[in-house]
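Novice: Here it is, the structure in full.
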Amino acid sequence: MVAVKEYNIVITGVGGQGILTAANLLGWAALNEGYKVRVGEVHGMSQRFGSVISYVRFGENVYGSMVPEGKADVILSFEPVEALRYINYLKEGGLVFTNSRPIQPVQVAMGLANYPSHEQIKDIVENKFNAKYISFDAESIAKDAGNIIATNVVLIGALTQTPDFPLSPESIREVIKVSVPKKAVDLNMKAFDMGIKTAQELLK
Amino acid sequence: MAKVTDMVLLNKPGEKILLLGNHAIARGALEANIAIFAAYPGTPSSELTDTMAAVAKDAGVYMEYSTNEKVAFETALSAAWSGLRSMTAMKHVGLNVAADTFMSAVGMGVEGGFVVMVADDPSMWSSQNEQDTRVFGKFANVPVLEPCSVQEAKDLTKYAFEISEKFKHMVILRTTTRSSHMRGDVVLGELPDEIVNKVRRHGNFEKDPTRFVDIPAHSRNFHPKILENIEKIREEFANCPFNKIEGNGKVGIIAPGLSYAYVKEALSWLNIDDVKILKLATPFPVPYKLVEEFLKGLEKVLIVEELEPVVEEQIKMWAYDKGLNIPIYGKNIVPRIYEMDTKRAVIAISKFLGIETPINFEELDEKYKEISSVLPPRPPSLCPACPHRNSFFAINKATRKKAIFPSDIGCYTLGVLPPLNAVDTTVAMGGSIGVAHGLSVALNGATNEETYEKKQVVVATIGDSTFYHTGLPAIANAIYNRSNILVVVVDNEITAMTGDQPNPGTGDTPHGVGKRIPIEDVVKAMGADFVEVVNPYDIKKTTEVIKKALEVEGVSVVVSRQVCALYRVGKAKRNKEKLPLYKVNTDKCTGCKVCISTFGCPAIFWDAENNKAKIDPTMCWGCGSCAQVCPFGAFELVKEAE
Ligand code: SF4
Ligand code: SF4
């Protein structure tokens, strides 16, 4: 284990997308690697298809479960606009990793609000917040791997390839193996590896 | 990453696992040898209750979902009177419901340890108000313990039982949304033999009317005893192993509960290490002896606490009496509203020390504000296929949106949002019927001859669990006083918002089948003037019945029954059943947007390129309601359920 003083991940998306599971997975991997771990999650009303934020933190300096604003090393987002909604958590020069498929809020469908374009989101992240923005269709990759449910595993696989990411893909694989139903292990492993491969391409 | 039940019952002392705060409290209660647990669910306390329900059988613990917090409190309290260790759990507003018994029972004391877990919700993530239970503890003279980490949540729970039993005084274990819903590493302790061998112990109640019958002659003895007890506990807390003085320096910070975590992070972010810290797990009663020791040699002190100045007031009052002349900062620097976080702690400490913050938060806020106009709102919404949407839709149709809609606390409160806009008031659990009755009296006179067309009609909505929680006395009152209202009980046969707990309308209990009490039977027996049960998935029929009910003078009740969609879909997925799927026939869709602007299932979105509605196949749960809503029959079944 590489000694890390503090590593902060913000996971965002829409309630029901499996964000808690993703956070829990990363938390266990960090625990198994010997870190002090905090995972902050959202329950109750906010989960009903609303905007959701979870936090995964580990390292010596970590006490509370919330990543302080301006301190996230990476934002892992399951939906593009939700990455933008929590962009104030990202540190200078941080990284946004997002699934590219938008989910239209009811307000947008009703014509009461607009959904920003892909270019607009990218522009704000890169030019206003000096961060790196990477978006890719994690859902199609999960579908290719066998089931759209594995989207979160694709995203996590990709995350492991980001520069200075402290957790090893191996320890995450171990957690996935024991936490998903036996029949789904192969599918999830495949999705995880495809996430890794995609990120390697994207980060070149 | 095993199942929670396995982890909580894992008897491997010393093993390190990742637990949710609420799970850790359940584990702590088991390590303390709890025998009885009773609660009504409420976010953020629910996972404690659900965990106890899940492990009860294997741990020999009696566990029940009570109909409300007061009843739960009484159940657990009397077990503690009988010498058993017992616990109840609730959210902050739940304590208001239990308050009547709570306030009176303090002086009676307990025999077995009795811990009342109360979860506050600073910033109101899923609550109707922001209240600080530590104030309630101080008001009632009940000690309050508050953890700063998940490990401490477990250990402090055990300690709470010991303190309660030692002083024969009930104890509050107070958490917040953050501490209840934080996951952290926990080292397991030992489970007692009785839990391992699932032996259900029996209590023994010793009669003592001078203690358990609070007629004035007896209760007059309670208050002095309570105050005396609190001072003894204050002394004890000076040696509480969870209170700690750490570090050195000329300035000091006092941090109760989770604020300790934020202070530690803030100091490390600010790169400051010459500050003395008093970590406080006992915000009430504050151990003055420890504070005195802490203050020695300090030039000034900052109290970083969330919400109300509970610790601050105690310390300032005491310091004044002692003639201590040390500047004590608190709520003049630290915000009194919303939850504490590291940013707030950093800002407060920087002000206190006269230094710069590590990043310019104001600049960051400005930047964020600039982009916020780009962000479409995404509030929580009723699930796809949620039967409540149909109930509201039918109510809107039947009343042409002309009625007044008092509603209640539950998923259906989301009916306030567009496009349904079918919630005009919510106050507290069970409040919709009381409010509806009051409005009916104020607007119409109790009953009069005019037809409902000419009056302001009142249609209340209330969920099944809420109906049993506190709706019952309210509906008795409305019927008795000849109200003129329609009550639609949106009965999804489960307590959905807090995570699918059963209730009397469900009939199941954690120990097996209980006795189901049908709502329609209850209101019929009470004398309601009109009672009918409908299935909201049949929108036409539901609308007709609501119209019929509105013509009846008096209290009409329509029970709109269809199981919670989230619950149904979860079950179907576990059983590997396929759900039916709908899609839009673009030839038939005229782009009228009726489905979106009056119904609003989140699975239906707007395809702006083609000016047609579209269904997201990953979100459709196949209820078929859109097909009933569309005037042009554009929604079609693609796939039958297999
Ligand atoms: S959880 Fe159940 S009751 Fe609540 S919104 Fe979803 S379907 Fe409706
Ligand atoms: S069938 Fe229609 S109303 Fe029902 S979930 Fe699917 S899209 Fe929504």
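Ordering of the structure tokens sets the chain letters (A, B, ...); residue numbers start at 1 within each chain; ligands are numbered from 1 in the order shown.
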Please extract the residues at most 6 Å from ligand 2, counting only C-alpha atoms and all ligand atoms, and provide them as an mmCIF file with N, CA, C and O atoms, in the first residue's frame, using the chain letters and residue numbers of this document.

Specialist:
```cif
data_model
loop_
_atom_site.group_PDB
_atom_site.id
_atom_site.type_symbol
_atom_site.label_atom_id
_atom_site.label_comp_id
_atom_site.auth_asym_id
_atom_site.auth_seq_id
_atom_site.Cartn_x
_atom_site.Cartn_y
_atom_site.Cartn_z
ATOM 1 N N PRO B 384 -41.125 5.927 -11.607
ATOM 2 C CA PRO B 384 -41.957 5.482 -12.718
ATOM 3 C C PRO B 384 -42.956 4.465 -12.165
ATOM 4 O O PRO B 384 -42.622 3.724 -11.241
ATOM 5 N N ALA B 385 -44.133 4.428 -12.701
ATOM 6 C CA ALA B 385 -45.151 3.462 -12.294
ATOM 7 C C ALA B 385 -45.616 3.626 -10.846
ATOM 8 O O ALA B 385 -46.323 2.774 -10.308
ATOM 9 N N TYR B 582 -43.397 -0.345 -22.266
ATOM 10 C CA TYR B 582 -44.200 0.453 -23.192
ATOM 11 C C TYR B 582 -43.315 1.300 -24.090
ATOM 12 O O TYR B 582 -42.177 1.587 -23.754
ATOM 13 N N CYS B 601 -44.531 10.944 -15.732
ATOM 14 C CA CYS B 601 -43.717 9.779 -15.375
ATOM 15 C C CYS B 601 -42.275 10.053 -15.820
ATOM 16 O O CYS B 601 -42.048 10.452 -16.961
ATOM 17 N N ALA B 603 -40.007 8.235 -16.756
ATOM 18 C CA ALA B 603 -39.519 7.420 -17.871
ATOM 19 C C ALA B 603 -39.882 8.050 -19.214
ATOM 20 O O ALA B 603 -39.361 7.664 -20.254
ATOM 21 N N ILE B 604 -40.813 9.013 -19.195
ATOM 22 C CA ILE B 604 -41.218 9.666 -20.441
ATOM 23 C C ILE B 604 -40.425 10.961 -20.591
ATOM 24 O O ILE B 604 -40.431 11.794 -19.692
ATOM 25 N N ILE B 615 -40.154 7.079 -24.562
ATOM 26 C CA ILE B 615 -39.986 6.367 -23.289
ATOM 27 C C ILE B 615 -38.568 5.837 -23.184
ATOM 28 O O ILE B 615 -38.038 5.258 -24.131
ATOM 29 N N CYS B 620 -38.712 2.520 -17.725
ATOM 30 C CA CYS B 620 -40.135 2.165 -17.721
ATOM 31 C C CYS B 620 -40.374 0.900 -16.901
ATOM 32 O O CYS B 620 -39.715 -0.113 -17.102
ATOM 33 N N TRP B 621 -41.305 0.987 -15.963
ATOM 34 C CA TRP B 621 -41.632 -0.162 -15.127
ATOM 35 C C TRP B 621 -42.990 -0.758 -15.494
ATOM 36 O O TRP B 621 -43.617 -1.459 -14.704
ATOM 37 N N GLY B 622 -43.444 -0.412 -16.700
ATOM 38 C CA GLY B 622 -44.538 -1.138 -17.326
ATOM 39 C C GLY B 622 -45.913 -1.097 -16.684
ATOM 40 O O GLY B 622 -46.668 -2.051 -16.792
ATOM 41 N N CYS B 623 -46.285 0.020 -16.068
ATOM 42 C CA CYS B 623 -47.582 0.046 -15.390
ATOM 43 C C CYS B 623 -48.736 0.266 -16.369
ATOM 44 O O CYS B 623 -49.885 -0.011 -16.050
ATOM 45 N N GLY B 624 -48.427 0.803 -17.553
ATOM 46 C CA GLY B 624 -49.465 1.024 -18.548
ATOM 47 C C GLY B 624 -50.297 2.272 -18.320
ATOM 48 O O GLY B 624 -51.285 2.507 -19.020
ATOM 49 N N SER B 625 -49.933 3.108 -17.373
ATOM 50 C CA SER B 625 -50.737 4.290 -17.073
ATOM 51 C C SER B 625 -50.687 5.311 -18.193
ATOM 52 O O SER B 625 -51.691 5.959 -18.504
ATOM 53 N N CYS B 626 -49.505 5.462 -18.807
ATOM 54 C CA CYS B 626 -49.384 6.460 -19.870
ATOM 55 C C CYS B 626 -50.382 6.163 -20.991
ATOM 56 O O CYS B 626 -50.927 7.077 -21.602
#
```

Novice: Would you please extract all alpha helix (DSSP H) residues from segment 25-84 of chain B, as assigned by DSSP on the backbone, and give them as a PyMOL selection string?

Specialist: chain B and resi 25-31+46-59+69-81

Novice: How would the residues just chosen look if you wrote them out with N, CA, C and O atoms as a compact mmCIF listing (two decimals), in the first residue's frame?

Specialist:
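To be explicit, this is the file written out as result_31.txt:
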```txt
# COMPACT_ATOMS: atom_id res chain seq x y z
N ILE B 25 -24.41 1.11 15.21
CA ILE B 25 -25.19 1.28 16.44
C ILE B 25 -25.94 -0.02 16.77
O ILE B 25 -26.00 -0.45 17.92
N ALA B 26 -26.47 -0.65 15.73
CA ALA B 26 -27.14 -1.94 15.94
C ALA B 26 -26.16 -2.94 16.54
O ALA B 26 -26.47 -3.66 17.50
N ARG B 27 -24.96 -2.97 15.99
CA ARG B 27 -23.94 -3.87 16.50
C ARG B 27 -23.62 -3.53 17.98
O ARG B 27 -23.49 -4.41 18.82
N GLY B 28 -23.51 -2.24 18.26
CA GLY B 28 -23.21 -1.81 19.62
C GLY B 28 -24.29 -2.27 20.58
O GLY B 28 -24.01 -2.70 21.71
N ALA B 29 -25.54 -2.18 20.15
CA ALA B 29 -26.66 -2.60 21.00
C ALA B 29 -26.58 -4.10 21.26
O ALA B 29 -26.86 -4.56 22.37
N LEU B 30 -26.20 -4.86 20.24
CA LEU B 30 -26.06 -6.31 20.42
C LEU B 30 -24.90 -6.62 21.36
O LEU B 30 -25.01 -7.48 22.23
N GLU B 31 -23.80 -5.92 21.18
CA GLU B 31 -22.66 -6.13 22.09
C GLU B 31 -23.05 -5.79 23.52
O GLU B 31 -22.50 -6.33 24.47
N SER B 46 -33.66 5.02 10.07
CA SER B 46 -34.30 3.76 9.66
C SER B 46 -33.40 2.53 9.58
O SER B 46 -33.81 1.43 9.93
N GLU B 47 -32.15 2.68 9.11
CA GLU B 47 -31.31 1.50 8.92
C GLU B 47 -31.00 0.80 10.24
O GLU B 47 -30.74 -0.40 10.27
N LEU B 48 -31.01 1.56 11.34
CA LEU B 48 -30.82 0.92 12.63
C LEU B 48 -31.99 -0.03 12.90
O LEU B 48 -31.81 -1.20 13.26
N THR B 49 -33.18 0.48 12.70
CA THR B 49 -34.39 -0.30 12.92
C THR B 49 -34.44 -1.52 11.99
O THR B 49 -34.71 -2.65 12.42
N ASP B 50 -34.12 -1.29 10.71
CA ASP B 50 -34.16 -2.40 9.74
C ASP B 50 -33.11 -3.46 10.07
O ASP B 50 -33.35 -4.66 9.89
N THR B 51 -31.95 -3.02 10.53
CA THR B 51 -30.91 -3.99 10.89
C THR B 51 -31.36 -4.83 12.07
O THR B 51 -31.19 -6.05 12.09
N MET B 52 -31.97 -4.17 13.05
CA MET B 52 -32.46 -4.93 14.20
C MET B 52 -33.53 -5.93 13.76
O MET B 52 -33.58 -7.06 14.23
N ALA B 53 -34.37 -5.48 12.81
CA ALA B 53 -35.41 -6.39 12.31
C ALA B 53 -34.77 -7.60 11.63
O ALA B 53 -35.20 -8.74 11.82
N ALA B 54 -33.72 -7.34 10.88
CA ALA B 54 -33.09 -8.41 10.12
C ALA B 54 -32.34 -9.41 11.01
O ALA B 54 -32.27 -10.59 10.69
N VAL B 55 -31.77 -8.93 12.10
CA VAL B 55 -30.97 -9.85 12.93
C VAL B 55 -31.71 -10.36 14.15
O VAL B 55 -31.23 -11.27 14.84
N ALA B 56 -32.90 -9.79 14.43
CA ALA B 56 -33.59 -10.10 15.69
C ALA B 56 -33.71 -11.60 15.95
O ALA B 56 -33.36 -12.09 17.03
N LYS B 57 -34.17 -12.32 14.95
CA LYS B 57 -34.41 -13.74 15.13
C LYS B 57 -33.12 -14.47 15.50
O LYS B 57 -33.11 -15.30 16.41
N ASP B 58 -32.05 -14.13 14.79
CA ASP B 58 -30.78 -14.82 15.01
C ASP B 58 -30.06 -14.35 16.27
O ASP B 58 -29.04 -14.92 16.65
N ALA B 59 -30.58 -13.30 16.89
CA ALA B 59 -29.92 -12.78 18.08
C ALA B 59 -30.79 -12.94 19.32
O ALA B 59 -30.41 -12.53 20.40
N GLU B 69 -43.90 6.64 17.14
CA GLU B 69 -42.75 6.72 18.04
C GLU B 69 -43.15 6.67 19.51
O GLU B 69 -42.41 6.16 20.35
N LYS B 70 -44.32 7.20 19.81
CA LYS B 70 -44.76 7.18 21.21
C LYS B 70 -45.01 5.75 21.66
O LYS B 70 -44.58 5.33 22.74
N VAL B 71 -45.68 5.01 20.81
CA VAL B 71 -45.97 3.61 21.13
C VAL B 71 -44.66 2.81 21.22
O VAL B 71 -44.48 1.99 22.12
N ALA B 72 -43.76 3.07 20.29
CA ALA B 72 -42.47 2.38 20.32
C ALA B 72 -41.73 2.70 21.61
O ALA B 72 -41.19 1.80 22.28
N PHE B 73 -41.76 3.96 21.97
CA PHE B 73 -41.09 4.41 23.18
C PHE B 73 -41.64 3.68 24.41
O PHE B 73 -40.90 3.18 25.26
N GLU B 74 -42.95 3.60 24.48
CA GLU B 74 -43.58 2.94 25.63
C GLU B 74 -43.24 1.45 25.69
O GLU B 74 -43.05 0.88 26.77
N THR B 75 -43.18 0.84 24.52
CA THR B 75 -42.84 -0.59 24.46
C THR B 75 -41.44 -0.83 25.04
O THR B 75 -41.24 -1.69 25.90
N ALA B 76 -40.48 -0.03 24.55
CA ALA B 76 -39.10 -0.22 24.99
C ALA B 76 -38.93 0.20 26.45
O ALA B 76 -38.22 -0.44 27.23
N LEU B 77 -39.60 1.28 26.81
CA LEU B 77 -39.49 1.79 28.18
C LEU B 77 -39.93 0.74 29.21
O LEU B 77 -39.24 0.48 30.21
N SER B 78 -41.05 0.14 28.95
CA SER B 78 -41.56 -0.81 29.95
C SER B 78 -40.70 -2.06 30.01
O SER B 78 -40.60 -2.69 31.07
N ALA B 79 -40.06 -2.39 28.88
CA ALA B 79 -39.10 -3.49 28.94
C ALA B 79 -37.94 -3.12 29.86
O ALA B 79 -37.47 -3.95 30.65
N ALA B 80 -37.50 -1.86 29.76
CA ALA B 80 -36.41 -1.40 30.63
C ALA B 80 -36.85 -1.38 32.10
O ALA B 80 -36.06 -1.64 32.99
N TRP B 81 -38.11 -1.07 32.34
CA TRP B 81 -38.64 -1.13 33.71
C TRP B 81 -38.54 -2.55 34.24
O TRP B 81 -38.39 -2.77 35.44
```

Novice: Taking a cut-off of 6 Å and counting only C-alpha atoms and all ligand atoms, can you build a table that, for each residue of chain B near ligand 1, reports the nearest atom pair and how far apart they are in Å (one decimal), sorted by chain then residue number, as JSON lines?

Specialist:
```
{"residue": "B:Leu382", "atom": "CA", "partner": "ligand 1", "partner_atom_place_in_ligand_line": "5 (S)", "distance": 3.8}
{"residue": "B:Cys383", "atom": "CA", "partner": "ligand 1", "partner_atom_place_in_ligand_line": "6 (Fe)", "distance": 4.1}
{"residue": "B:Cys386", "atom": "CA", "partner": "ligand 1", "partner_atom_place_in_ligand_line": "7 (S)", "distance": 3.9}
{"residue": "B:His388", "atom": "CA", "partner": "ligand 1", "partner_atom_place_in_ligand_line": "8 (Fe)", "distance": 5.9}
{"residue": "B:Cys411", "atom": "CA", "partner": "ligand 1", "partner_atom_place_in_ligand_line": "4 (Fe)", "distance": 4.4}
{"residue": "B:Ala496", "atom": "CA", "partner": "ligand 1", "partner_atom_place_in_ligand_line": "1 (S)", "distance": 4.9}
{"residue": "B:Met497", "atom": "CA", "partner": "ligand 1", "partner_atom_place_in_ligand_line": "4 (Fe)", "distance": 5.5}
{"residue": "B:Cys564", "atom": "CA", "partner": "ligand 1", "partner_atom_place_in_ligand_line": "2 (Fe)", "distance": 3.9}
{"residue": "B:Ala565", "atom": "CA", "partner": "ligand 1", "partner_atom_place_in_ligand_line": "7 (S)", "distance": 3.8}
{"residue": "B:Leu566", "atom": "CA", "partner": "ligand 1", "partner_atom_place_in_ligand_line": "7 (S)", "distance": 4.5}
```

Novice: Please return, as a ChimeraX atom specification, all residues of segment 24-72 of chain B that DSSP assigns to strand (DSSP E or B) on the basis of the backbone.

Specialist: /B:36-39,62-65

Novice: Using only C-alpha atoms, which chain B residues lie at most 7 Å away from chain A, written as JSON, numbers by chain?

Specialist: {"B": [1, 2, 18, 43, 126, 181, 182, 183, 184, 185, 261, 262, 265, 342, 343, 364, 368, 374, 375, 376, 378, 379, 380, 381, 382, 383, 497, 498, 596, 597, 600, 602, 605, 606]}

Novice: Could the residues in this selection be saved with N, CA, C and O atoms as a compact mmCIF listing (two decimals), in the first residue's frame?

Specialist:
```txt
# COMPACT_ATOMS: atom_id res chain seq x y z
N MET B 1 -17.22 -7.82 1.64
CA MET B 1 -18.44 -7.02 1.52
C MET B 1 -19.65 -7.95 1.69
O MET B 1 -20.44 -8.13 0.79
N ALA B 2 -19.69 -8.54 2.83
CA ALA B 2 -20.77 -9.49 3.08
C ALA B 2 -22.08 -8.76 3.34
O ALA B 2 -22.13 -7.55 3.35
N LEU B 18 -16.21 -2.51 7.24
CA LEU B 18 -16.75 -1.20 6.88
C LEU B 18 -18.25 -1.20 7.16
O LEU B 18 -19.00 -1.97 6.57
N THR B 43 -36.18 8.52 8.32
CA THR B 43 -34.84 8.87 7.85
C THR B 43 -34.34 10.05 8.69
O THR B 43 -35.11 10.99 8.85
N SER B 126 -34.10 15.31 4.45
CA SER B 126 -35.37 14.62 4.21
C SER B 126 -36.31 14.85 5.40
O SER B 126 -36.88 13.91 5.92
N HIS B 181 -25.42 8.09 8.35
CA HIS B 181 -25.24 7.62 6.98
C HIS B 181 -23.79 7.72 6.52
O HIS B 181 -23.52 7.86 5.34
N MET B 182 -22.89 7.68 7.48
CA MET B 182 -21.47 7.62 7.11
C MET B 182 -21.02 6.18 7.26
O MET B 182 -21.42 5.48 8.17
N ARG B 183 -20.22 5.72 6.31
CA ARG B 183 -19.59 4.42 6.47
C ARG B 183 -18.16 4.62 6.93
O ARG B 183 -17.48 5.54 6.45
N GLY B 184 -17.69 3.79 7.82
CA GLY B 184 -16.32 3.91 8.28
C GLY B 184 -15.83 2.58 8.80
O GLY B 184 -16.61 1.63 8.97
N ASP B 185 -14.52 2.50 9.03
CA ASP B 185 -13.95 1.25 9.50
C ASP B 185 -14.28 1.05 10.98
O ASP B 185 -14.19 1.98 11.77
N ALA B 261 -14.74 15.82 14.07
CA ALA B 261 -14.17 15.34 12.81
C ALA B 261 -13.86 16.53 11.89
O ALA B 261 -12.80 16.59 11.27
N TYR B 262 -14.80 17.47 11.82
CA TYR B 262 -14.59 18.62 10.93
C TYR B 262 -13.46 19.52 11.42
O TYR B 262 -12.69 20.06 10.64
N GLU B 265 -10.12 17.93 10.56
CA GLU B 265 -9.80 18.10 9.14
C GLU B 265 -9.44 19.53 8.82
O GLU B 265 -8.51 19.79 8.05
N THR B 342 -16.51 20.69 6.88
CA THR B 342 -15.12 21.11 7.02
C THR B 342 -14.93 22.55 6.58
O THR B 342 -14.21 23.31 7.20
N LYS B 343 -15.62 22.93 5.51
CA LYS B 343 -15.50 24.29 5.01
C LYS B 343 -15.93 25.30 6.08
O LYS B 343 -15.25 26.28 6.35
N LEU B 364 -14.91 30.78 -5.10
CA LEU B 364 -15.47 29.51 -5.58
C LEU B 364 -16.99 29.59 -5.65
O LEU B 364 -17.61 29.18 -6.63
N TYR B 368 -19.36 29.28 -8.94
CA TYR B 368 -20.42 28.28 -9.00
C TYR B 368 -21.77 28.94 -9.29
O TYR B 368 -22.57 28.41 -10.05
N VAL B 374 -27.06 27.31 -15.75
CA VAL B 374 -26.96 26.28 -16.79
C VAL B 374 -27.54 24.96 -16.30
O VAL B 374 -27.90 24.08 -17.09
N LEU B 375 -27.62 24.82 -14.97
CA LEU B 375 -28.00 23.52 -14.39
C LEU B 375 -29.51 23.34 -14.31
O LEU B 375 -30.18 24.10 -13.61
N PRO B 376 -30.06 22.36 -15.00
CA PRO B 376 -31.50 22.11 -14.83
C PRO B 376 -31.73 21.51 -13.44
O PRO B 376 -30.92 20.72 -12.98
N ARG B 378 -33.01 19.03 -10.59
CA ARG B 378 -33.37 17.62 -10.61
C ARG B 378 -33.81 17.21 -9.20
O ARG B 378 -33.08 16.57 -8.46
N PRO B 379 -35.01 17.66 -8.82
CA PRO B 379 -35.50 17.27 -7.50
C PRO B 379 -35.90 15.80 -7.53
O PRO B 379 -36.09 15.25 -8.61
N PRO B 380 -36.02 15.16 -6.37
CA PRO B 380 -36.51 13.79 -6.37
C PRO B 380 -37.91 13.77 -6.96
O PRO B 380 -38.61 14.78 -6.93
N SER B 381 -38.33 12.66 -7.51
CA SER B 381 -39.68 12.59 -8.07
C SER B 381 -40.30 11.25 -7.72
O SER B 381 -39.62 10.33 -7.30
N LEU B 382 -41.61 11.16 -7.89
CA LEU B 382 -42.27 9.87 -7.72
C LEU B 382 -41.69 8.93 -8.76
O LEU B 382 -41.43 9.33 -9.90
N CYS B 383 -41.47 7.68 -8.39
CA CYS B 383 -40.85 6.70 -9.29
C CYS B 383 -41.71 6.50 -10.55
O CYS B 383 -42.89 6.80 -10.55
N MET B 497 -41.18 5.33 1.88
CA MET B 497 -40.16 6.37 1.84
C MET B 497 -38.93 6.01 2.66
O MET B 497 -37.81 6.39 2.34
N THR B 498 -39.13 5.28 3.74
CA THR B 498 -38.01 4.96 4.62
C THR B 498 -37.40 3.61 4.29
O THR B 498 -36.49 3.16 4.98
N ILE B 596 -46.64 14.50 -20.50
CA ILE B 596 -45.58 15.16 -19.74
C ILE B 596 -46.14 16.28 -18.87
O ILE B 596 -45.81 16.41 -17.71
N SER B 597 -47.06 17.07 -19.43
CA SER B 597 -47.48 18.26 -18.69
C SER B 597 -48.60 18.01 -17.68
O SER B 597 -48.90 18.88 -16.87
N GLY B 600 -46.41 13.18 -16.06
CA GLY B 600 -45.01 13.34 -15.63
C GLY B 600 -44.31 12.10 -15.13
O GLY B 600 -43.52 12.18 -14.19
N PRO B 602 -41.29 9.85 -14.91
CA PRO B 602 -39.90 10.19 -15.28
C PRO B 602 -39.34 9.35 -16.42
O PRO B 602 -38.31 9.71 -17.00
N PHE B 605 -39.69 11.09 -21.69
CA PHE B 605 -38.99 12.35 -21.90
C PHE B 605 -39.37 12.95 -23.24
O PHE B 605 -40.11 12.37 -24.02
N TRP B 606 -38.86 14.12 -23.51
CA TRP B 606 -39.27 14.86 -24.70
C TRP B 606 -38.17 14.80 -25.74
O TRP B 606 -37.03 15.18 -25.47
```

Novice: So that I can check the surroundings of Val458 of chain B, please list as a PyMOL selection string every protein, DNA and RNA residue that reaches within 8 Å of it, counting only C-alpha atoms and ignoring chain neighbours fewer than 6 positions away.

Specialist: chain B and resi 403-406+436+439-440+484-486

Novice: Which residues are close to Ser77 of chain A, i.e. within 10 Å by only C-alpha atoms, leaving aside same-chain residues fewer than 3 positions away? Reply as a list of chain:residue names.

Specialist: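 Once the adjacent positions are removed, what remains is A:Val10, A:Ile11, A:Thr12, A:Gly13, A:Val14, A:Ile19, A:Val52, A:Ile53, A:Val74, A:Pro80, A:Val81, A:Glu82, A:Ala83, A:Leu84, A:Tyr86, A:Val96, A:Phe97, A:Thr98, A:Asn99, A:Ser100, A:Ser135, A:Asn152, A:Leu155.
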
Novice: Please report the interatomic distance between atom CA of Leu290 of chain B and atom CA of Ile328 of chain B in Å with one decimal.

Specialist: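 That distance, rounded to one decimal, is 15.9 Å.
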
Novice: Mind giving me the straight-line distance from atom CA of Val522 of chain B to atom CA of Glu64 of chain B in Å, one decimal?

Specialist: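 We find that atom CA of Val522 of chain B and atom CA of Glu64 of chain B lie 21.9 Å from each other.
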
Novice: Residues within 8 Å of segment 85-88 of chain B, please, as a ChimeraX atom specification. Count only C-alpha atoms; anything in the same chain fewer than 4 positions from it doesn't count.

Specialist: /B:33-39,72-73,76-77,79-80,112-117,161

Novice: When you look at Cys240 of chain B with a cut-off of 10 Å (counting only C-alpha atoms), what residues show up, excluding the ones that are within fewer than 5 positions of it in the same chain? I need them as a PyMOL selection string.

Specialist: chain B and resi 156+159+163+233-235+280-282+287+290

Novice: Let me see the file: selected residues, N, CA and C atoms, as a compact mmCIF listing (two decimals), in the first residue's frame.

Specialist:
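Final output, again-v2.txt:
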```
# COMPACT_ATOMS: atom_id res chain seq x y z
N LEU B 156 -19.97 3.87 21.67
CA LEU B 156 -20.74 4.78 22.51
C LEU B 156 -22.12 4.19 22.83
N TYR B 159 -21.64 1.98 25.73
CA TYR B 159 -21.42 2.83 26.89
C TYR B 159 -22.74 3.46 27.36
N ILE B 163 -24.20 3.46 31.17
CA ILE B 163 -24.52 4.68 31.93
C ILE B 163 -25.98 4.67 32.37
N ILE B 233 -24.29 12.46 36.93
CA ILE B 233 -23.86 12.02 35.59
C ILE B 233 -22.83 13.01 35.02
N ARG B 234 -23.04 14.29 35.32
CA ARG B 234 -22.07 15.30 34.88
C ARG B 234 -20.67 14.96 35.43
N GLU B 235 -20.64 14.56 36.69
CA GLU B 235 -19.36 14.17 37.30
C GLU B 235 -18.78 12.96 36.59
N LEU B 280 -15.69 16.25 22.66
CA LEU B 280 -16.77 16.04 23.61
C LEU B 280 -17.80 15.06 23.04
N ALA B 281 -17.98 13.94 23.70
CA ALA B 281 -19.01 12.99 23.27
C ALA B 281 -20.26 13.16 24.11
N THR B 282 -20.19 14.06 25.10
CA THR B 282 -21.33 14.25 26.02
C THR B 282 -21.75 15.72 26.04
N PRO B 287 -19.39 18.03 31.22
CA PRO B 287 -18.62 17.79 32.44
C PRO B 287 -17.73 19.00 32.76
N LEU B 290 -13.94 18.63 33.52
CA LEU B 290 -13.07 18.44 32.35
C LEU B 290 -12.84 19.78 31.63
```
